[in-house]
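Input: a single structure, listed below in structure tokens.
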Amino acid sequence: MSGHNHGLREEIKAYWSERAATFDQSPGHEIFSEPERLAWHHLILRHLGAGDGRHALDLASGTGVISHLMDDLGYNVTGIDWSEEMLDRARAKAAKRGRPIKFFLGDAENTMEGSEAYDVIVNRHLVWTLVDPETCFREWLRVLKPGGKLMIVDGDFVNVGRGERLAKRLAAWLEKAGLLKPDTPHASREFAERHNSILARVHFSAGARAESVVDLLQRAGFEDVVIDTNLRQIHKAQAKNWNYLKALARGLQHRYAIVAQKPV
């Protein structure tokens with residue numbers, strides 16, 4: 001790996017470590033309602049089925065939001081993250097809720113997990129941050145059991161369509177005119193600028209389009225790849241946390257779940 005990539009990876013790690021303290025305050029990160037929890041459950045069940053004690057690996061687990069959803073459905077869950085600050089919060093949350101989820105320090109590109117150790121791998125909003133996604137996908141293939149499934153939940157946060165652009169402009173105008181209450185920000189301007197700087201330098205700097213992710217998954221050896229853009233129930237539940245125009249703009253983004261299988 002080049003020195004440039006190593007430096008960028010360390011920058012990404014530092015960014016999320018500093019975001020850990022307020023991560024669970026943001027809608028779209030933590031689960032804020034039972035309808036949203038159920039919508040996530042339906043997505044997982046639709047593609048992965050009930051856990052029935054199967055082993056699931058939650059990559060870039062953060063504070064454990066997805067890990068808890070998987071645990072709800074009967075999976076034996078292990079979460080790994082490369083931020084100790086995120087892991088501290090994940091462990092505390094699991095202990096408070098009495099969940100048997102295991103959290104370890106680890107890297108999505110080099111998990112240090114055994115080969116063919118997991119039935120399922122899940123991650124949310126990880127792929128857009130990857131510096132070398134093809135290397136990561138080969139690692140995930142190694143860790144999965146034959147026939148095991150990978151589910152990625154992510155999106156293109158770079159390319160803004162006409163509808164989203166108009167909704168954002170109208171929201172900004174109405175907020176300035178005092179006719180629309182601004183949403184409470186959960187990240188400072190400095191964090192937003194750092195986020196944009198990182199986004200401009202990762203592999204998917206031009207946007208993590210689902211088709212581009214699928215191409216790399218297939219090159220890494222995955223098969224039976226499916227793109228699911230029907231996340232409406234999740235978006236509908238999350239929308240209650242924002243003003244109408246922000247919720248509309250978010251719902252117009254290119255967000256998706258991708259499910260792929262390791263050959264038997």
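Following the order of the structure tokens, first chain is A, next is B, and so on, with residues numbered from 1 inside each chain and ligands from 1 in the order they appear.
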
List every residue of range 100-158 of chain A that DSSP, applied to the backbone, labels as helix (DSSP H, G or I), and write the result as an NGL selection string. :A and (127-129 or 133-143)

Please dump the current selection as an mmCIF file, in the first residue's frame; keep N, CA, C and O atoms.
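Once written, out.cif looks like this:
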data_model
loop_
_atom_site.group_PDB
_atom_site.id
_atom_site.type_symbol
_atom_site.label_atom_id
_atom_site.label_comp_id
_atom_site.auth_asym_id
_atom_site.auth_seq_id
_atom_site.Cartn_x
_atom_site.Cartn_y
_atom_site.Cartn_z
ATOM 1 N N VAL A 127 -18.587 1.201 2.495
ATOM 2 C CA VAL A 127 -17.956 1.048 1.183
ATOM 3 C C VAL A 127 -17.540 2.387 0.580
ATOM 4 O O VAL A 127 -16.486 2.490 -0.045
ATOM 5 N N TRP A 128 -18.338 3.434 0.788
ATOM 6 C CA TRP A 128 -17.975 4.723 0.192
ATOM 7 C C TRP A 128 -16.666 5.263 0.752
ATOM 8 O O TRP A 128 -15.993 6.076 0.113
ATOM 9 N N THR A 129 -16.258 4.792 1.953
ATOM 10 C CA THR A 129 -15.032 5.290 2.592
ATOM 11 C C THR A 129 -13.783 4.504 2.194
ATOM 12 O O THR A 129 -12.680 4.877 2.585
ATOM 13 N N PRO A 133 -11.271 -0.878 -2.316
ATOM 14 C CA PRO A 133 -12.409 -1.766 -2.105
ATOM 15 C C PRO A 133 -12.206 -3.179 -2.631
ATOM 16 O O PRO A 133 -12.681 -4.135 -2.017
ATOM 17 N N GLU A 134 -11.496 -3.352 -3.738
ATOM 18 C CA GLU A 134 -11.342 -4.701 -4.280
ATOM 19 C C GLU A 134 -10.554 -5.592 -3.322
ATOM 20 O O GLU A 134 -10.874 -6.771 -3.140
ATOM 21 N N THR A 135 -9.519 -5.020 -2.676
ATOM 22 C CA THR A 135 -8.774 -5.781 -1.678
ATOM 23 C C THR A 135 -9.687 -6.155 -0.510
ATOM 24 O O THR A 135 -9.650 -7.288 -0.012
ATOM 25 N N CYS A 136 -10.535 -5.217 -0.084
ATOM 26 C CA CYS A 136 -11.484 -5.500 0.992
ATOM 27 C C CYS A 136 -12.448 -6.613 0.600
ATOM 28 O O CYS A 136 -12.698 -7.530 1.385
ATOM 29 N N PHE A 137 -12.973 -6.545 -0.615
ATOM 30 C CA PHE A 137 -13.956 -7.539 -1.041
ATOM 31 C C PHE A 137 -13.340 -8.939 -1.102
ATOM 32 O O PHE A 137 -13.999 -9.923 -0.759
ATOM 33 N N ARG A 138 -12.099 -9.036 -1.517
ATOM 34 C CA ARG A 138 -11.422 -10.350 -1.520
ATOM 35 C C ARG A 138 -11.246 -10.865 -0.094
ATOM 36 O O ARG A 138 -11.372 -12.072 0.157
ATOM 37 N N GLU A 139 -10.946 -9.957 0.832
ATOM 38 C CA GLU A 139 -10.816 -10.342 2.232
ATOM 39 C C GLU A 139 -12.158 -10.829 2.772
ATOM 40 O O GLU A 139 -12.232 -11.843 3.486
ATOM 41 N N TRP A 140 -13.229 -10.151 2.435
ATOM 42 C CA TRP A 140 -14.551 -10.558 2.922
ATOM 43 C C TRP A 140 -14.952 -11.902 2.334
ATOM 44 O O TRP A 140 -15.560 -12.723 3.017
ATOM 45 N N LEU A 141 -14.596 -12.144 1.090
ATOM 46 C CA LEU A 141 -14.867 -13.434 0.461
ATOM 47 C C LEU A 141 -14.142 -14.548 1.209
ATOM 48 O O LEU A 141 -14.695 -15.617 1.450
ATOM 49 N N ARG A 142 -12.908 -14.287 1.595
ATOM 50 C CA ARG A 142 -12.104 -15.282 2.334
ATOM 51 C C ARG A 142 -12.767 -15.636 3.658
ATOM 52 O O ARG A 142 -12.816 -16.818 4.050
ATOM 53 N N VAL A 143 -13.286 -14.652 4.353
ATOM 54 C CA VAL A 143 -13.829 -14.845 5.698
ATOM 55 C C VAL A 143 -15.186 -15.553 5.678
ATOM 56 O O VAL A 143 -15.553 -16.243 6.633
#

Write out as an mmCIF file with C-alpha atoms, in the first residue's frame the residues lying within 8 Å of Gln261 in chain A, counting only C-alpha atoms and excluding same-chain residues fewer than 6 positions away.
data_model
loop_
_atom_site.group_PDB
_atom_site.id
_atom_site.type_symbol
_atom_site.label_atom_id
_atom_site.label_comp_id
_atom_site.auth_asym_id
_atom_site.auth_seq_id
_atom_site.Cartn_x
_atom_site.Cartn_y
_atom_site.Cartn_z
ATOM 1 C CA GLY A 147 -22.546 -20.082 0.212
ATOM 2 C CA GLY A 148 -22.279 -17.284 2.781
ATOM 3 C CA LYS A 149 -23.817 -13.905 2.040
ATOM 4 C CA LEU A 150 -22.599 -10.326 2.139
ATOM 5 C CA PHE A 222 -18.759 -12.966 -5.507
ATOM 6 C CA GLU A 223 -21.756 -14.239 -7.450
ATOM 7 C CA ASP A 224 -25.557 -13.916 -7.518
ATOM 8 C CA VAL A 225 -25.246 -10.191 -6.830
#

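Using only C-alpha atoms, the shortest contact distance between Phe32 in chain A and any of A:Asp215, A:Val65, A:Ala56, A:Ser115 is found at A:Val65.
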
Distance query Ala108 in chain A at most 9 Å, only C-alpha atoms, self and fewer than 5 positions along chain excluded, as a PyMOL selection string: chain A and resi 59-60+80-82+126+130+136+139-140

Any chance you can output those residues with N, CA and C atoms as a PDB file, in the first residue's frame?
ATOM      1  N   LEU A  59     -18.956  -5.330   9.880  1.00  0.00           N
ATOM      2  CA  LEU A  59     -17.714  -4.612   9.586  1.00  0.00           C
ATOM      3  C   LEU A  59     -17.900  -3.112   9.740  1.00  0.00           C
ATOM      4  N   ALA A  60     -16.906  -2.455  10.335  1.00  0.00           N
ATOM      5  CA  ALA A  60     -17.010  -1.027  10.661  1.00  0.00           C
ATOM      6  C   ALA A  60     -18.272  -0.818  11.495  1.00  0.00           C
ATOM      7  N   ILE A  80     -16.518  -5.545  14.324  1.00  0.00           N
ATOM      8  CA  ILE A  80     -15.153  -5.025  14.368  1.00  0.00           C
ATOM      9  C   ILE A  80     -15.139  -3.600  13.843  1.00  0.00           C
ATOM     10  N   ASP A  81     -14.293  -2.798  14.463  1.00  0.00           N
ATOM     11  CA  ASP A  81     -14.121  -1.413  14.050  1.00  0.00           C
ATOM     12  C   ASP A  81     -12.683  -1.027  14.365  1.00  0.00           C
ATOM     13  N   TRP A  82     -12.149  -0.052  13.615  1.00  0.00           N
ATOM     14  CA  TRP A  82     -10.754   0.333  13.879  1.00  0.00           C
ATOM     15  C   TRP A  82     -10.658   1.557  14.766  1.00  0.00           C
ATOM     16  N   LEU A 126     -19.988   1.894   4.850  1.00  0.00           N
ATOM     17  CA  LEU A 126     -18.550   1.630   4.892  1.00  0.00           C
ATOM     18  C   LEU A 126     -17.928   1.749   3.509  1.00  0.00           C
ATOM     19  N   LEU A 130     -13.937   3.408   1.439  1.00  0.00           N
ATOM     20  CA  LEU A 130     -12.811   2.506   1.218  1.00  0.00           C
ATOM     21  C   LEU A 130     -11.785   3.093   0.259  1.00  0.00           C
ATOM     22  N   CYS A 136     -10.535  -5.217  -0.084  1.00  0.00           N
ATOM     23  CA  CYS A 136     -11.484  -5.500   0.992  1.00  0.00           C
ATOM     24  C   CYS A 136     -12.448  -6.613   0.600  1.00  0.00           C
ATOM     25  N   GLU A 139     -10.946  -9.957   0.832  1.00  0.00           N
ATOM     26  CA  GLU A 139     -10.816 -10.342   2.232  1.00  0.00           C
ATOM     27  C   GLU A 139     -12.158 -10.829   2.772  1.00  0.00           C
ATOM     28  N   TRP A 140     -13.229 -10.151   2.435  1.00  0.00           N
ATOM     29  CA  TRP A 140     -14.551 -10.558   2.922  1.00  0.00           C
ATOM     30  C   TRP A 140     -14.952 -11.902   2.334  1.00  0.00           C
TER      31      TRP A 140
END

Can you list, as a PDB file with N, CA and C atoms, in the first residue's frame, every residue of range 37-170 of chain A that DSSP puts in strand (DSSP E)?
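The result, stored in part-v1.pdb:
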ATOM      1  N   HIS A  55     -23.506 -17.216  12.384  1.00  0.00           N
ATOM      2  CA  HIS A  55     -22.483 -16.240  12.756  1.00  0.00           C
ATOM      3  C   HIS A  55     -22.446 -15.094  11.749  1.00  0.00           C
ATOM      4  N   ALA A  56     -22.545 -13.877  12.269  1.00  0.00           N
ATOM      5  CA  ALA A  56     -22.545 -12.681  11.440  1.00  0.00           C
ATOM      6  C   ALA A  56     -21.415 -11.754  11.864  1.00  0.00           C
ATOM      7  N   LEU A  57     -20.745 -11.176  10.891  1.00  0.00           N
ATOM      8  CA  LEU A  57     -19.672 -10.215  11.128  1.00  0.00           C
ATOM      9  C   LEU A  57     -20.147  -8.849  10.659  1.00  0.00           C
ATOM     10  N   ASP A  58     -20.170  -7.885  11.577  1.00  0.00           N
ATOM     11  CA  ASP A  58     -20.553  -6.512  11.269  1.00  0.00           C
ATOM     12  C   ASP A  58     -19.267  -5.705  11.124  1.00  0.00           C
ATOM     13  N   LEU A  59     -18.956  -5.330   9.880  1.00  0.00           N
ATOM     14  CA  LEU A  59     -17.714  -4.612   9.586  1.00  0.00           C
ATOM     15  C   LEU A  59     -17.900  -3.112   9.740  1.00  0.00           C
ATOM     16  N   ASN A  76     -25.596 -14.686  15.816  1.00  0.00           N
ATOM     17  CA  ASN A  76     -24.467 -14.654  16.747  1.00  0.00           C
ATOM     18  C   ASN A  76     -23.492 -13.626  16.181  1.00  0.00           C
ATOM     19  N   VAL A  77     -23.446 -12.437  16.760  1.00  0.00           N
ATOM     20  CA  VAL A  77     -22.830 -11.282  16.109  1.00  0.00           C
ATOM     21  C   VAL A  77     -21.460 -10.925  16.688  1.00  0.00           C
ATOM     22  N   THR A  78     -20.532 -10.669  15.778  1.00  0.00           N
ATOM     23  CA  THR A  78     -19.242 -10.081  16.112  1.00  0.00           C
ATOM     24  C   THR A  78     -19.115  -8.783  15.332  1.00  0.00           C
ATOM     25  N   GLY A  79     -18.748  -7.720  16.017  1.00  0.00           N
ATOM     26  CA  GLY A  79     -18.521  -6.444  15.346  1.00  0.00           C
ATOM     27  C   GLY A  79     -17.055  -6.068  15.431  1.00  0.00           C
ATOM     28  N   ILE A  80     -16.518  -5.545  14.324  1.00  0.00           N
ATOM     29  CA  ILE A  80     -15.153  -5.025  14.368  1.00  0.00           C
ATOM     30  C   ILE A  80     -15.139  -3.600  13.843  1.00  0.00           C
ATOM     31  N   ASP A  81     -14.293  -2.798  14.463  1.00  0.00           N
ATOM     32  CA  ASP A  81     -14.121  -1.413  14.050  1.00  0.00           C
ATOM     33  C   ASP A  81     -12.683  -1.027  14.365  1.00  0.00           C
ATOM     34  N   LYS A 102     -20.082  -9.429  20.566  1.00  0.00           N
ATOM     35  CA  LYS A 102     -18.639  -9.278  20.794  1.00  0.00           C
ATOM     36  C   LYS A 102     -18.092  -8.201  19.869  1.00  0.00           C
ATOM     37  N   PHE A 103     -17.315  -7.279  20.417  1.00  0.00           N
ATOM     38  CA  PHE A 103     -16.718  -6.203  19.626  1.00  0.00           C
ATOM     39  C   PHE A 103     -15.201  -6.235  19.767  1.00  0.00           C
ATOM     40  N   PHE A 104     -14.527  -6.163  18.624  1.00  0.00           N
ATOM     41  CA  PHE A 104     -13.071  -6.215  18.602  1.00  0.00           C
ATOM     42  C   PHE A 104     -12.499  -5.123  17.718  1.00  0.00           C
ATOM     43  N   LEU A 105     -11.273  -4.725  18.033  1.00  0.00           N
ATOM     44  CA  LEU A 105     -10.542  -3.795  17.183  1.00  0.00           C
ATOM     45  C   LEU A 105     -10.112  -4.535  15.920  1.00  0.00           C
ATOM     46  N   TYR A 118     -17.575 -17.107   8.886  1.00  0.00           N
ATOM     47  CA  TYR A 118     -18.872 -16.450   9.067  1.00  0.00           C
ATOM     48  C   TYR A 118     -19.872 -16.856   7.993  1.00  0.00           C
ATOM     49  N   ASP A 119     -21.134 -16.933   8.419  1.00  0.00           N
ATOM     50  CA  ASP A 119     -22.231 -17.212   7.496  1.00  0.00           C
ATOM     51  C   ASP A 119     -22.667 -15.951   6.759  1.00  0.00           C
ATOM     52  N   VAL A 120     -22.523 -14.806   7.440  1.00  0.00           N
ATOM     53  CA  VAL A 120     -23.015 -13.529   6.915  1.00  0.00           C
ATOM     54  C   VAL A 120     -22.035 -12.421   7.277  1.00  0.00           C
ATOM     55  N   ILE A 121     -21.844 -11.487   6.347  1.00  0.00           N
ATOM     56  CA  ILE A 121     -21.116 -10.249   6.618  1.00  0.00           C
ATOM     57  C   ILE A 121     -22.045  -9.099   6.268  1.00  0.00           C
ATOM     58  N   VAL A 122     -22.113  -8.100   7.156  1.00  0.00           N
ATOM     59  CA  VAL A 122     -22.926  -6.914   6.897  1.00  0.00           C
ATOM     60  C   VAL A 122     -22.089  -5.664   7.128  1.00  0.00           C
ATOM     61  N   ASN A 123     -22.438  -4.611   6.428  1.00  0.00           N
ATOM     62  CA  ASN A 123     -21.874  -3.298   6.737  1.00  0.00           C
ATOM     63  C   ASN A 123     -22.782  -2.208   6.213  1.00  0.00           C
ATOM     64  N   ARG A 124     -22.743  -1.075   6.876  1.00  0.00           N
ATOM     65  CA  ARG A 124     -23.556   0.077   6.481  1.00  0.00           C
ATOM     66  C   ARG A 124     -22.662   1.310   6.382  1.00  0.00           C
ATOM     67  N   LEU A 144     -15.926 -15.416   4.574  1.00  0.00           N
ATOM     68  CA  LEU A 144     -17.242 -16.055   4.475  1.00  0.00           C
ATOM     69  C   LEU A 144     -17.127 -17.569   4.251  1.00  0.00           C
ATOM     70  N   LYS A 145     -18.082 -18.305   4.792  1.00  0.00           N
ATOM     71  CA  LYS A 145     -18.212 -19.722   4.481  1.00  0.00           C
ATOM     72  C   LYS A 145     -18.723 -19.878   3.048  1.00  0.00           C
ATOM     73  N   PRO A 146     -18.444 -21.000   2.402  1.00  0.00           N
ATOM     74  CA  PRO A 146     -19.035 -21.244   1.073  1.00  0.00           C
ATOM     75  C   PRO A 146     -20.558 -21.108   1.132  1.00  0.00           C
ATOM     76  N   GLY A 147     -21.111 -20.340   0.205  1.00  0.00           N
ATOM     77  CA  GLY A 147     -22.546 -20.082   0.212  1.00  0.00           C
ATOM     78  C   GLY A 147     -22.954 -18.953   1.132  1.00  0.00           C
ATOM     79  N   GLY A 148     -21.988 -18.392   1.879  1.00  0.00           N
ATOM     80  CA  GLY A 148     -22.279 -17.284   2.781  1.00  0.00           C
ATOM     81  C   GLY A 148     -22.636 -16.015   2.025  1.00  0.00           C
ATOM     82  N   LYS A 149     -23.328 -15.113   2.701  1.00  0.00           N
ATOM     83  CA  LYS A 149     -23.817 -13.905   2.040  1.00  0.00           C
ATOM     84  C   LYS A 149     -23.231 -12.629   2.647  1.00  0.00           C
ATOM     85  N   LEU A 150     -23.044 -11.671   1.774  1.00  0.00           N
ATOM     86  CA  LEU A 150     -22.599 -10.326   2.139  1.00  0.00           C
ATOM     87  C   LEU A 150     -23.737  -9.356   1.850  1.00  0.00           C
ATOM     88  N   MET A 151     -24.032  -8.457   2.817  1.00  0.00           N
ATOM     89  CA  MET A 151     -24.993  -7.386   2.553  1.00  0.00           C
ATOM     90  C   MET A 151     -24.350  -6.043   2.841  1.00  0.00           C
ATOM     91  N   ILE A 152     -24.330  -5.203   1.822  1.00  0.00           N
ATOM     92  CA  ILE A 152     -23.787  -3.851   1.894  1.00  0.00           C
ATOM     93  C   ILE A 152     -24.956  -2.875   1.838  1.00  0.00           C
ATOM     94  N   VAL A 153     -25.001  -1.929   2.760  1.00  0.00           N
ATOM     95  CA  VAL A 153     -25.973  -0.840   2.691  1.00  0.00           C
ATOM     96  C   VAL A 153     -25.184   0.448   2.543  1.00  0.00           C
ATOM     97  N   ASP A 154     -25.402   1.150   1.424  1.00  0.00           N
ATOM     98  CA  ASP A 154     -24.576   2.324   1.162  1.00  0.00           C
ATOM     99  C   ASP A 154     -25.280   3.244   0.186  1.00  0.00           C
ATOM    100  N   GLY A 155     -24.529   4.184  -0.403  1.00  0.00           N
ATOM    101  CA  GLY A 155     -25.143   5.114  -1.339  1.00  0.00           C
ATOM    102  C   GLY A 155     -24.123   5.995  -2.021  1.00  0.00           C
ATOM    103  N   ASP A 156     -24.598   6.712  -3.007  1.00  0.00           N
ATOM    104  CA  ASP A 156     -23.796   7.715  -3.707  1.00  0.00           C
ATOM    105  C   ASP A 156     -24.089   9.054  -3.050  1.00  0.00           C
TER     106      ASP A 156
END

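One finds CA of Tyr15 in chain A at 7.8 Å from CA of His195 in chain A.
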
Atom pair CA of Leu199 in chain A / CA of Glu11 in chain A: separation (Å): 11.3 Å

Write out as a VMD selection string which residues come within 8 Å of Pro27 in chain A when counting only C-alpha atoms, dropping same-chain ones fewer than 4 positions away. chain A and resid 31 to 32 238 241

Which polymer residues have any atom within 6 Å of an atom of Gly51 in chain A, counting only C-alpha atoms, with same-chain residues fewer than 5 positions away left out, as a ChimeraX atom specification? /A:73-75

Residues within 12 Å of Ile198 in chain A, only C-alpha atoms, excluding chain neighbours under 5 positions, as a ChimeraX atom specification: /A:5,7-16,128-131,158,191-193,203-205

For Trp40 in chain A, which residue out of A:Ile101, A:Ile66, A:Val214, A:Leu87 is the nearest one, using only C-alpha atoms?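 For Trp40 in chain A, the nearest of the given residues is A:Ile66.
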
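Nearest-residue note for Ile234 in chain A: choosing from A:Arg209, A:Arg169, A:Arg89, A:His42, the minimum distance belongs to A:His42, counting only C-alpha atoms.
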
Just give me the gap between CA of Gly114 in chain A and CA of Ser83 in chain A in Å, one decimal is fine.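 Distance reported for this atom pair: 21.1 Å.
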
If you count only C-alpha atoms, which residues fall within 7 Å of Glu85 in chain A, apart from same-chain ones fewer than 3 positions away, as a ChimeraX atom specification? /A:17,20,88-89

With distances taken over only C-alpha atoms, which of A:Ala117, A:Leu174, A:Val226, A:Leu69 is nearest to Leu38 in chain A? A:Leu69
